[in-house]
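Novice: Provided herewith: start.txt, compact mmCIF, C-alpha atoms (C1' of nucleotides).
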```
# COMPACT_ATOMS: atom_id res chain seq x y z
CA MET A 1 137.83 167.92 164.66
CA SER A 2 134.27 167.32 165.70
CA GLN A 3 133.62 169.27 168.90
CA PRO A 4 136.05 172.17 169.12
CA ALA A 5 136.76 172.98 172.74
CA GLU A 6 137.01 176.63 171.72
CA GLU A 7 133.55 177.59 170.57
CA THR A 8 132.19 181.08 170.59
CA ARG A 9 128.84 181.74 172.17
CA PHE A 10 127.84 182.77 168.67
CA GLU A 11 129.01 179.56 167.05
CA ALA A 12 127.36 177.44 169.71
CA GLN A 13 124.01 179.13 169.24
CA ARG A 14 124.42 178.90 165.51
CA ASP A 15 124.98 175.16 165.75
CA ARG A 16 121.91 174.75 167.88
CA ILE A 17 119.92 176.64 165.30
CA LEU A 18 121.22 174.44 162.50
CA LYS A 19 120.25 171.32 164.39
CA ALA A 20 116.80 172.60 165.21
CA ALA A 21 116.35 173.59 161.59
CA ALA A 22 117.50 170.17 160.41
CA ARG A 23 114.94 168.49 162.62
CA CYS A 24 112.17 170.73 161.29
CA PHE A 25 113.19 170.37 157.67
CA ASN A 26 113.34 166.59 157.98
CA GLU A 27 109.89 166.59 159.45
CA LYS A 28 107.98 169.14 157.39
CA GLY A 29 110.19 170.01 154.49
CA TYR A 30 111.70 173.34 153.51
CA SER A 31 108.62 175.40 152.76
CA GLY A 32 106.68 173.51 155.37
CA THR A 33 108.73 174.85 158.24
CA SER A 34 108.49 178.50 159.16
CA LEU A 35 111.33 180.32 160.81
CA LYS A 36 109.03 180.81 163.76
CA ASN A 37 108.84 177.03 163.95
CA VAL A 38 112.60 176.67 164.14
CA ALA A 39 112.89 179.51 166.62
CA GLN A 40 110.30 178.04 168.95
CA HIS A 41 112.42 174.93 169.38
CA LEU A 42 115.03 177.18 170.96
CA GLY A 43 112.79 179.55 172.85
CA LEU A 44 113.59 182.33 170.44
CA THR A 45 111.75 184.66 168.12
CA ASP A 46 111.88 184.17 164.37
CA ALA A 47 113.55 187.53 163.94
CA ALA A 48 116.42 186.44 166.17
CA LEU A 49 117.52 183.87 163.63
CA TYR A 50 118.49 186.64 161.25
CA TYR A 51 121.33 187.48 163.56
CA TYR A 52 122.86 184.12 162.65
CA VAL A 53 121.83 183.51 159.04
CA LYS A 54 121.14 185.89 156.21
CA ASN A 55 117.79 184.34 155.33
CA LYS A 56 115.87 181.10 155.20
CA GLU A 57 117.50 179.85 152.05
CA GLU A 58 120.88 180.35 153.68
CA LEU A 59 119.66 178.31 156.61
CA VAL A 60 118.85 175.28 154.47
CA PHE A 61 122.07 175.73 152.59
CA GLN A 62 124.06 175.61 155.82
CA CYS A 63 122.11 172.56 156.94
CA TYR A 64 122.88 170.79 153.69
CA LEU A 65 126.49 171.88 153.89
CA ARG A 66 126.77 170.38 157.33
CA ALA A 67 125.10 167.19 156.11
CA ALA A 68 127.58 166.96 153.27
CA GLU A 69 130.51 167.48 155.61
CA LEU A 70 129.36 164.79 157.99
CA GLY A 71 128.68 162.37 155.17
CA ASN A 72 132.09 163.04 153.77
CA GLU A 73 133.70 162.51 157.11
CA ALA A 74 132.12 159.06 157.29
CA MET A 75 133.28 158.29 153.79
CA GLN A 76 136.88 159.30 154.44
CA ARG A 77 137.14 157.45 157.71
CA ALA A 78 135.72 154.35 156.04
CA ALA A 79 138.17 154.55 153.16
CA ALA A 80 141.00 154.96 155.64
CA ASP A 81 139.98 152.22 158.05
CA GLY A 82 138.77 149.46 155.70
CA LYS A 83 141.24 146.88 154.43
CA ASP A 84 139.37 146.04 151.23
CA GLY A 85 136.46 147.48 149.28
CA TYR A 86 133.90 145.40 151.08
CA GLN A 87 135.13 146.42 154.51
CA GLN A 88 135.22 150.04 153.43
CA ALA A 89 131.64 149.94 152.16
CA ARG A 90 130.55 148.29 155.36
CA LEU A 91 132.35 150.82 157.51
CA TYR A 92 130.89 153.67 155.52
CA VAL A 93 127.38 152.48 156.31
CA ARG A 94 128.30 152.09 159.95
CA TYR A 95 129.99 155.46 160.32
CA HIS A 96 127.36 157.39 158.42
CA VAL A 97 124.53 155.76 160.32
CA GLU A 98 126.29 156.40 163.62
CA ILE A 99 126.51 160.08 162.82
CA MET A 100 122.90 160.35 161.73
CA VAL A 101 121.36 158.68 164.75
CA GLY A 102 123.98 159.78 167.25
CA GLU A 103 124.29 162.91 169.36
CA ARG A 104 125.67 164.85 166.41
CA GLY A 105 122.34 164.58 164.68
CA PRO A 106 119.82 165.38 163.55
CA VAL A 107 121.36 165.71 160.12
CA ALA A 108 119.28 167.33 157.40
CA ILE A 109 118.45 165.06 154.53
CA MET A 110 119.07 166.77 151.24
CA SER A 111 115.65 166.18 149.83
CA GLU A 112 114.76 169.64 148.55
CA ILE A 113 117.75 170.77 146.61
CA PRO A 114 115.50 172.55 144.05
CA SER A 115 114.61 175.02 146.79
CA LEU A 116 118.17 176.32 146.87
CA LYS A 117 119.18 179.27 144.78
CA LEU A 118 121.22 178.38 141.74
CA GLU A 119 124.61 179.15 143.20
CA HIS A 120 124.04 177.12 146.35
CA ARG A 121 122.33 174.35 144.46
CA ASP A 122 125.37 173.89 142.28
CA GLU A 123 127.66 173.75 145.27
CA ILE A 124 125.52 171.17 147.06
CA LEU A 125 125.05 169.11 143.93
CA GLU A 126 128.78 169.01 143.44
CA LEU A 127 129.39 167.87 147.00
CA SER A 128 126.66 165.32 146.56
CA ARG A 129 128.17 164.00 143.37
CA HIS A 130 131.56 163.88 145.02
CA HIS A 131 130.10 161.84 147.83
CA SER A 132 128.41 159.41 145.45
CA LEU A 133 131.53 159.05 143.36
CA ALA A 134 133.61 158.30 146.43
CA PHE A 135 131.27 155.49 147.34
CA GLU A 136 131.21 154.15 143.81
CA LYS A 137 134.98 154.18 143.88
CA ILE A 138 134.93 152.08 147.02
CA LEU A 139 132.57 149.66 145.33
CA SER A 140 134.76 149.45 142.23
CA ARG A 141 137.75 148.82 144.42
CA GLY A 142 135.89 145.99 146.09
CA ILE A 143 134.96 144.46 142.78
CA ALA A 144 138.57 144.72 141.65
CA ASP A 145 139.99 143.14 144.80
CA GLY A 146 137.36 140.41 144.74
CA SER A 147 135.64 141.32 147.99
CA ILE A 148 132.46 142.65 146.33
CA ARG A 149 130.40 140.81 143.73
CA ASP A 150 130.17 142.30 140.27
CA CYS A 151 127.40 144.89 140.35
CA ASP A 152 126.19 148.16 138.89
CA VAL A 153 128.07 150.56 141.16
CA ARG A 154 125.85 153.52 140.30
CA MET A 155 122.64 151.69 141.21
CA THR A 156 124.21 150.12 144.27
CA GLY A 157 125.32 153.49 145.48
CA ASN A 158 121.84 154.89 145.02
CA ALA A 159 120.28 151.96 146.83
CA VAL A 160 122.58 152.05 149.84
CA MET A 161 122.50 155.81 150.26
CA GLY A 162 118.76 155.94 149.77
CA SER A 163 118.33 153.55 152.62
CA ILE A 164 120.48 155.74 154.85
CA ASN A 165 118.90 159.00 153.70
CA TRP A 166 115.46 157.70 154.52
CA ILE A 167 116.31 156.99 158.16
CA PRO A 168 115.25 160.41 159.50
CA LYS A 169 111.78 159.77 158.12
CA TRP A 170 111.14 157.04 160.68
CA PHE A 171 113.82 157.53 163.33
CA HIS A 172 112.88 160.08 165.93
CA GLY A 173 115.64 160.08 168.49
CA SER A 174 115.12 156.99 170.61
CA SER A 175 118.57 155.87 171.70
CA THR A 176 117.58 152.23 171.88
CA VAL A 177 116.38 152.35 168.29
CA ALA A 178 119.62 154.10 167.41
CA GLU A 179 121.53 151.09 168.71
CA GLU A 180 119.38 148.77 166.65
CA ILE A 181 120.03 150.77 163.51
CA ILE A 182 123.76 150.85 164.06
CA SER A 183 123.94 147.16 164.69
CA ALA A 184 121.59 146.10 161.88
CA PHE A 185 122.19 148.36 158.89
CA PRO A 186 125.74 147.39 157.99
CA ASP A 187 124.71 143.75 157.81
CA ILE A 188 121.52 144.39 155.90
CA LEU A 189 123.10 146.62 153.30
CA THR A 190 126.23 144.59 152.73
CA CYS A 191 125.27 141.00 153.50
CA GLY A 192 121.81 141.04 151.97
CA LEU A 193 119.04 138.76 153.08
CA ALA A 194 119.91 135.35 151.75
CA ALA A 195 120.67 132.66 154.29
CA ARG A 196 124.21 131.17 154.29
CA MET B 1 92.32 146.16 137.86
CA SER B 2 94.86 148.76 136.90
CA GLN B 3 93.53 150.62 133.86
CA PRO B 4 89.75 150.39 133.76
CA ALA B 5 88.54 150.56 130.18
CA GLU B 6 85.52 152.44 131.44
CA GLU B 7 86.88 155.70 132.72
CA THR B 8 84.90 158.87 132.98
CA ARG B 9 86.31 162.05 131.51
CA PHE B 10 86.22 163.25 135.09
CA GLU B 11 88.15 160.29 136.47
CA ALA B 12 90.74 160.49 133.73
CA GLN B 13 91.42 164.14 134.39
CA ARG B 14 91.50 163.44 138.09
CA ASP B 15 94.16 160.77 137.59
CA ARG B 16 96.25 163.09 135.50
CA ILE B 17 96.03 165.66 138.25
CA LEU B 18 97.14 163.15 140.88
CA LYS B 19 100.14 162.15 138.80
CA ALA B 20 101.15 165.73 138.14
CA ALA B 21 100.78 166.47 141.82
CA ALA B 22 102.85 163.44 142.74
CA ARG B 23 105.64 164.60 140.48
CA CYS B 24 105.58 168.08 142.01
CA PHE B 25 105.40 166.85 145.59
CA ASN B 26 108.32 164.48 145.03
CA GLU B 27 110.32 167.32 143.62
CA LYS B 28 109.54 170.26 145.87
CA GLY B 29 107.62 168.85 148.80
CA TYR B 30 104.12 169.57 149.96
CA SER B 31 104.32 173.22 150.91
CA GLY B 32 106.90 173.79 148.23
CA THR B 33 104.49 173.13 145.41
CA SER B 34 101.69 175.55 144.74
CA LEU B 35 98.45 174.47 143.16
CA LYS B 36 99.32 176.77 140.31
CA ASN B 37 102.43 174.67 139.85
CA VAL B 38 100.46 171.47 139.57
CA ALA B 39 97.90 173.08 137.29
CA GLN B 40 100.53 174.41 134.91
CA HIS B 41 101.73 170.87 134.22
CA LEU B 42 98.28 170.23 132.75
CA GLY B 43 97.65 173.55 131.06
CA LEU B 44 95.05 174.44 133.65
CA THR B 45 94.41 177.17 136.17
CA ASP B 46 94.91 176.56 139.86
CA ALA B 47 91.24 177.20 140.52
CA ALA B 48 90.27 174.39 138.14
CA LEU B 49 91.77 171.82 140.48
CA TYR B 50 89.07 172.56 143.02
CA TYR B 51 86.61 170.94 140.68
CA TYR B 52 88.41 167.64 141.34
CA VAL B 53 89.66 167.88 144.92
CA LYS B 54 88.30 169.71 147.90
CA ASN B 55 91.57 171.38 148.77
CA LYS B 56 95.32 170.99 148.71
CA GLU B 57 95.46 168.73 151.75
CA GLU B 58 92.97 166.43 150.07
CA LEU B 59 95.23 166.35 147.03
CA VAL B 60 98.20 165.07 148.99
CA PHE B 61 95.99 162.65 150.83
CA GLN B 62 94.76 161.17 147.55
CA CYS B 63 98.34 160.97 146.27
CA TYR B 64 99.41 159.10 149.39
CA LEU B 65 96.38 156.87 149.18
CA ARG B 66 97.28 155.94 145.64
CA ALA B 67 100.88 155.31 146.70
CA ALA B 68 99.69 153.03 149.46
CA GLU B 69 97.44 151.12 147.09
CA LEU B 70 100.20 150.57 144.58
CA GLY B 71 102.64 149.52 147.27
CA ASN B 72 100.13 147.10 148.62
CA GLU B 73 99.47 145.67 145.20
CA ALA B 74 103.18 144.91 144.86
CA MET B 75 103.22 143.31 148.29
CA GLN B 76 100.24 141.06 147.60
CA ARG B 77 101.48 139.93 144.23
CA ALA B 78 104.87 139.15 145.73
CA ALA B 79 103.36 137.11 148.55
CA ALA B 80 101.26 135.22 146.04
CA ASP B 81 104.01 134.56 143.49
CA GLY B 82 107.01 133.75 145.68
CA LYS B 83 107.68 130.18 146.75
CA ASP B 84 109.57 131.00 149.94
CA GLY B 85 110.18 134.08 152.05
CA TYR B 86 113.32 135.01 150.20
CA GLN B 87 111.65 134.83 146.80
CA GLN B 88 108.72 136.84 148.09
CA ALA B 89 110.96 139.59 149.45
CA ARG B 90 112.84 139.66 146.21
CA LEU B 91 109.67 139.84 144.15
CA TYR B 92 108.31 142.59 146.34
CA VAL B 93 111.32 144.75 145.58
CA ARG B 94 110.97 143.98 141.90
CA TYR B 95 107.25 144.64 141.69
CA HIS B 96 107.32 147.80 143.76
CA VAL B 97 110.24 149.21 141.84
CA GLU B 98 108.58 148.36 138.55
CA ILE B 99 105.52 150.31 139.55
CA MET B 100 107.48 153.31 140.74
CA VAL B 101 109.63 153.74 137.67
CA GLY B 102 107.11 152.42 135.15
CA GLU B 103 104.33 154.14 133.25
CA ARG B 104 102.04 154.02 136.27
CA GLY B 105 104.30 156.46 138.04
CA PRO B 106 105.21 158.89 139.29
CA VAL B 107 104.14 157.65 142.68
CA ALA B 108 104.18 160.14 145.55
CA ILE B 109 106.62 159.30 148.30
CA MET B 110 104.99 159.64 151.68
CA SER B 111 107.57 161.96 153.10
CA GLU B 112 105.38 164.66 154.63
CA ILE B 113 102.77 162.82 156.58
CA PRO B 114 102.79 165.52 159.30
CA SER B 115 101.24 167.87 156.77
CA LEU B 116 98.07 165.80 156.68
CA LYS B 117 95.18 166.63 158.92
CA LEU B 118 94.79 164.29 161.85
CA GLU B 119 92.08 162.12 160.35
CA HIS B 120 93.93 161.56 157.09
CA ARG B 121 97.22 161.16 158.84
CA ASP B 122 95.85 158.33 160.92
CA GLU B 123 94.50 156.58 157.86
CA ILE B 124 97.77 156.85 155.96
CA LEU B 125 99.81 155.81 158.96
CA GLU B 126 97.67 152.74 159.37
CA LEU B 127 98.08 151.78 155.72
CA SER B 128 101.78 152.40 156.08
CA ARG B 129 102.02 150.22 159.14
CA HIS B 130 100.04 147.52 157.40
CA HIS B 131 102.46 147.63 154.52
CA SER B 132 105.49 147.41 156.79
CA LEU B 133 103.98 144.56 158.76
CA ALA B 134 103.25 142.62 155.61
CA PHE B 135 106.87 142.89 154.58
CA GLU B 136 108.09 141.94 158.04
CA LYS B 137 105.82 138.94 157.86
CA ILE B 138 107.44 137.90 154.61
CA LEU B 139 110.85 138.26 156.22
CA SER B 140 109.81 136.21 159.24
CA ARG B 141 108.48 133.54 156.93
CA GLY B 142 111.80 133.48 155.15
CA ILE B 143 113.69 133.12 158.39
CA ALA B 144 111.39 130.31 159.43
CA ASP B 145 111.73 128.43 156.14
CA GLY B 146 115.48 128.92 156.12
CA SER B 147 115.67 131.03 153.00
CA ILE B 148 116.53 134.27 154.83
CA ARG B 149 119.29 134.71 157.39
CA ASP B 150 118.35 135.57 160.92
CA CYS B 151 117.89 139.34 161.06
CA ASP B 152 116.03 142.16 162.73
CA VAL B 153 112.90 142.20 160.56
CA ARG B 154 111.87 145.66 161.66
CA MET B 155 115.20 147.22 160.73
CA THR B 156 115.46 145.21 157.55
CA GLY B 157 112.06 146.38 156.48
CA ASN B 158 113.01 149.98 157.13
CA ALA B 159 116.24 149.60 155.20
CA VAL B 160 114.72 147.98 152.14
CA MET B 161 111.73 150.28 151.94
CA GLY B 162 113.85 153.36 152.54
CA SER B 163 115.94 152.44 149.56
CA ILE B 164 112.84 152.13 147.41
CA ASN B 165 111.19 155.26 148.78
CA TRP B 166 114.23 157.32 147.99
CA ILE B 167 114.19 156.42 144.30
CA PRO B 168 112.06 159.38 143.18
CA LYS B 169 114.68 161.71 144.61
CA TRP B 170 117.16 160.74 141.92
CA PHE B 171 115.10 159.03 139.23
CA HIS B 172 113.54 161.46 136.79
CA GLY B 173 111.80 159.38 134.18
CA SER B 174 114.51 158.08 131.88
CA SER B 175 113.33 154.70 130.64
CA THR B 176 116.85 153.35 130.27
CA VAL B 177 117.58 154.19 133.90
CA ALA B 178 114.27 152.58 134.79
CA GLU B 179 115.52 149.33 133.28
CA GLU B 180 118.73 149.56 135.25
CA ILE B 181 116.82 150.04 138.47
CA ILE B 182 114.53 147.13 137.84
CA SER B 183 117.38 144.83 137.00
CA ALA B 184 119.73 145.93 139.79
CA PHE B 185 117.63 146.63 142.89
CA PRO B 186 116.34 143.14 143.63
CA ASP B 187 119.88 141.81 143.64
CA ILE B 188 121.32 144.66 145.67
CA LEU B 189 118.66 144.55 148.35
CA THR B 190 118.47 140.80 148.71
CA CYS B 191 121.91 139.51 147.76
CA GLY B 192 123.96 142.23 149.37
CA LEU B 193 127.42 143.20 148.24
CA ALA B 194 129.69 140.39 149.35
CA ALA B 195 131.31 138.31 146.64
CA ARG B 196 130.38 134.60 146.50
C1' DC C 1 129.30 200.18 188.20
C1' DA C 2 129.54 201.99 183.56
C1' DT C 3 130.09 201.65 178.94
C1' DA C 4 130.25 199.22 174.69
C1' DA C 5 129.22 195.23 172.22
C1' DA C 6 126.36 191.36 171.47
C1' DT C 7 121.94 189.34 171.32
C1' DT C 8 117.01 189.29 171.15
C1' DC C 9 112.49 191.43 170.71
C1' DT C 10 108.50 194.40 168.93
C1' DA C 11 106.21 196.14 165.29
C1' DA C 12 105.73 197.01 160.71
C1' DT C 13 105.83 195.77 155.51
C1' DG C 14 104.99 193.04 151.45
C1' DG C 15 104.24 189.19 148.64
C1' DG C 16 102.73 184.64 147.67
C1' DG C 17 99.45 181.27 147.66
C1' DA C 18 95.08 178.79 149.17
C1' DT C 19 90.44 179.39 148.65
C1' DT C 20 85.87 180.98 146.90
C1' DA C 21 82.03 182.96 144.14
C1' DA C 22 80.35 184.09 140.00
C1' DA C 23 80.94 184.38 135.08
C1' DA C 24 82.34 182.20 130.80
C1' DT C 25 83.12 178.40 127.88
C1' DA C 26 82.74 173.59 126.32
C1' DA C 27 80.33 169.25 126.05
C1' DT C 28 76.21 166.42 125.95
C1' DG C 29 71.43 164.83 125.36
C1' DC C 30 67.21 165.59 123.00
C1' DG D 1 69.64 174.00 117.31
C1' DC D 2 68.33 174.29 122.53
C1' DA D 3 68.69 173.42 127.09
C1' DT D 4 71.14 171.30 130.56
C1' DT D 5 75.23 169.89 132.59
C1' DA D 6 80.18 169.75 133.02
C1' DT D 7 84.44 172.15 133.06
C1' DT D 8 87.45 176.07 133.37
C1' DT D 9 88.49 180.91 134.13
C1' DT D 10 88.53 185.60 136.21
C1' DA D 11 88.68 188.28 139.94
C1' DA D 12 88.55 188.95 144.43
C1' DT D 13 89.68 187.81 149.59
C1' DC D 14 92.39 186.41 153.37
C1' DC D 15 96.07 184.61 155.99
C1' DC D 16 100.64 183.11 156.70
C1' DC D 17 105.22 184.02 156.61
C1' DA D 18 109.81 185.98 155.22
C1' DT D 19 112.10 190.02 155.98
C1' DT D 20 113.58 194.50 158.04
C1' DA D 21 114.32 198.55 161.07
C1' DG D 22 114.74 200.14 165.31
C1' DA D 23 114.10 199.57 170.31
C1' DA D 24 115.12 196.86 174.30
C1' DT D 25 117.78 193.75 176.86
C1' DT D 26 121.47 190.96 178.03
C1' DT D 27 126.39 190.03 178.26
C1' DA D 28 131.18 191.21 178.28
C1' DT D 29 134.96 194.42 179.61
C1' DG D 30 137.38 197.78 182.06
```
Would it be possible to restate this file's structure as structure tokens?

Specialist:
Amino acid sequence: MSQPAEETRFEAQRDRILKAAARCFNEKGYSGTSLKNVAQHLGLTDAALYYYVKNKEELVFQCYLRAAELGNEAMQRAAADGKDGYQQARLYVRYHVEIMVGERGPVAIMSEIPSLKLEHRDEILELSRHHSLAFEKILSRGIADGSIRDCDVRMTGNAVMGSINWIPKWFHGSSTVAEEIISAFPDILTCGLAAR
Amino acid sequence: MSQPAEETRFEAQRDRILKAAARCFNEKGYSGTSLKNVAQHLGLTDAALYYYVKNKEELVFQCYLRAAELGNEAMQRAAADGKDGYQQARLYVRYHVEIMVGERGPVAIMSEIPSLKLEHRDEILELSRHHSLAFEKILSRGIADGSIRDCDVRMTGNAVMGSINWIPKWFHGSSTVAEEIISAFPDILTCGLAAR
DNA sequence: CATAAATTCTAATGGGGATTAAAATAATGC
DNA sequence: GCATTATTTTAATCCCCATTAGAATTTATG
């Protein structure tokens, strides 16, 4: 499901463009990155990108779409693999973090949704809400089955996802740091800080 | 220290500009917000802003400087008020969150440091590092005094601060939500999710 | 090889936005 | 009220960048 063995030259190049764009957007924001910027990362000309995407807005949209897909994948795998709500929440953090700092990254953080045109914005917002709701559902399940302490699921969701979303702001590709993140974040976000 | 009774007309207007700019930057990013955008929030013309800041880059710089000051204030108060490392970490979250969602906000999130010119970037990065180190020191203290479980302080710092930094992306000024944040975040970030 | 299709480039075009200088208006001190 | 200072506006200027059309080049196909 992740790396189709059958991939057109076109699709491959398109994926490379999306990744390069994601890196740029994470670094300098939507308006802060020019298409020339993205193209340079691939040894291309800005005009060449138009062979793969209709325009710049479409490029961000696709980046966000990919981010939503990957986030959703982590969520679904977590819900499938975890035995109780707590384990599911923990696995979600692990899976999502693994994707973000792994070789499938960089993943664009959806930090400039207002830059999207109305139609796309609505679609992304819906996916985003769906993602949040899925996590809140996991939390509620955990509270119900006694594995998670009683808490405000909305706020908890925001807190946990914020922590994950912020990663690209300080993580820049070091594989050793990636290992540290993967091994530390699930504990931090689900066990808290208190001793015992 | 926070609201000087003696405030020049000039300084007052300048503060209003910084806050309006912070709101815009949080919403649309650095390059995504035009000076005209910021000015409109205050019923001014874009050119008028140049009476208060040298240029746009200076405007972001001042916003980030203010953000760093406020973050630092939270850190120092927490270190002073908390009895052990755990209490200090908890208070830091509380104080910082209170500032960000309170009437002193909006506070600019430092998400586009690369847009700063080298000199300013270095200054902000140093303040940022100082802030992180102060929090890591609190964590280490907590581990030493037995109030915080053994953990990777670097990663824990990144996780906790990321969660806080992301708040402006989904918080838009509702005072009831502000209360929820203040009451939920300290628990979430220091107690974790596990029941018992 | 030769031809067609796929991919990328070169060279415009146009608009938006940062910036500035000078003029206009508002505030303040005497 | 008058003169000085503080504040804001109007009206350019300039540069960057998204976008496009058409040419050039590379790749695939027989």

Novice: Using all atoms listed in the file, which residues sit within 10 Å of Val53 of chain A once same-chain residues fewer than 6 positions away are excluded, as a list in words?

Specialist: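 In the requested form, the answer reads Arg14, Ile17, Leu18, Leu59, Val60 and Gln62 of chain A.
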
Novice: Considering only C-alpha atoms (C1' of nucleotides), give me a table of residues in chain A that are at most 12 Å from chain C, with the closest atom pair and distance in Å for each, as a tab-separated table.

Specialist:
```
residue	atom	partner	partner_atom	distance
A:Thr8	CA	C:DA6	C1'	11.9
A:Arg9	CA	C:DA6	C1'	10.0
A:Phe10	CA	C:DA6	C1'	9.2
A:Gln13	CA	C:DT7	C1'	10.6
A:Ala39	CA	C:DT8	C1'	11.5
A:Gly43	CA	C:DT8	C1'	10.8
A:Leu44	CA	C:DT8	C1'	7.8
A:Thr45	CA	C:DC9	C1'	7.3
A:Asp46	CA	C:DC9	C1'	9.7
A:Ala47	CA	C:DC9	C1'	7.9
A:Ala48	CA	C:DT8	C1'	5.8
A:Leu49	CA	C:DT8	C1'	9.3
A:Tyr50	CA	C:DT8	C1'	10.4
A:Tyr51	CA	C:DT7	C1'	8.0
A:Tyr52	CA	C:DT7	C1'	10.2
```

Novice: Please identify every residue of chain A that has at least one atom no farther than 9 Å from an atom of chain D, counting all atoms listed in the file, and for each give the shortest atom pair and the distance in Å to one decimal, arranged by chain then increasing number, as CSV.

Specialist:
```
residue,atom,partner,partner_atom,distance
A:Ser34,CA,D:DC17,C1',6.9
A:Leu35,CA,D:DA18,C1',8.1
A:Lys36,CA,D:DC17,C1',8.7
A:Ala47,CA,D:DT19,C1',8.5
A:Tyr50,CA,D:DT19,C1',8.9
A:Asn55,CA,D:DT19,C1',8.1
A:Lys56,CA,D:DA18,C1',7.8
```

Novice: Considering all atoms listed in the file, state which residue in the set A:Leu127, A:Leu139, A:Ala108, A:Ala20 is at the smallest distance from chain B.

Specialist: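 Under the stated criterion, the closest residue is A:Leu139.
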
Novice: What are the residues of chain A that have an atom within 8 Å of an atom of chain B, counting all atoms listed in the file, as number ranges by chain?

Specialist: A: 27-32, 86, 111-112, 114-115, 146-152, 155-156, 158-167, 169, 180-181, 184-185, 188-196

Novice: Between atom CA of Glu69 of chain B and atom CA of Arg16 of chain B, what distance in Å does the model show, to one decimal?

Specialist: 16.7 Å

Novice: Mind pulling up the distance from atom CA of Pro106 of chain B to atom CA of His120 of chain A?

Specialist: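 So the two atoms, atom CA of His120 of chain A and atom CA of Pro106 of chain B, lie 27.1 Å apart.
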
Novice: Atom CA of Arg66 of chain A to atom CA of Ser175 of chain A: how many Å, to one decimal?

Specialist: 22.0 Å

Novice: Excluding Glu73 of chain B and residues on its chain fewer than 3 positions from it, collect all residues at most 12 Å away from it, counting only C-alpha atoms (C1' of nucleotides), and give them as JSON, numbers by chain.

Specialist: {"B": [1, 2, 66, 67, 68, 69, 70, 76, 77, 78, 79, 80, 91, 92, 93, 95, 96, 97, 98, 99, 100, 131, 134]}
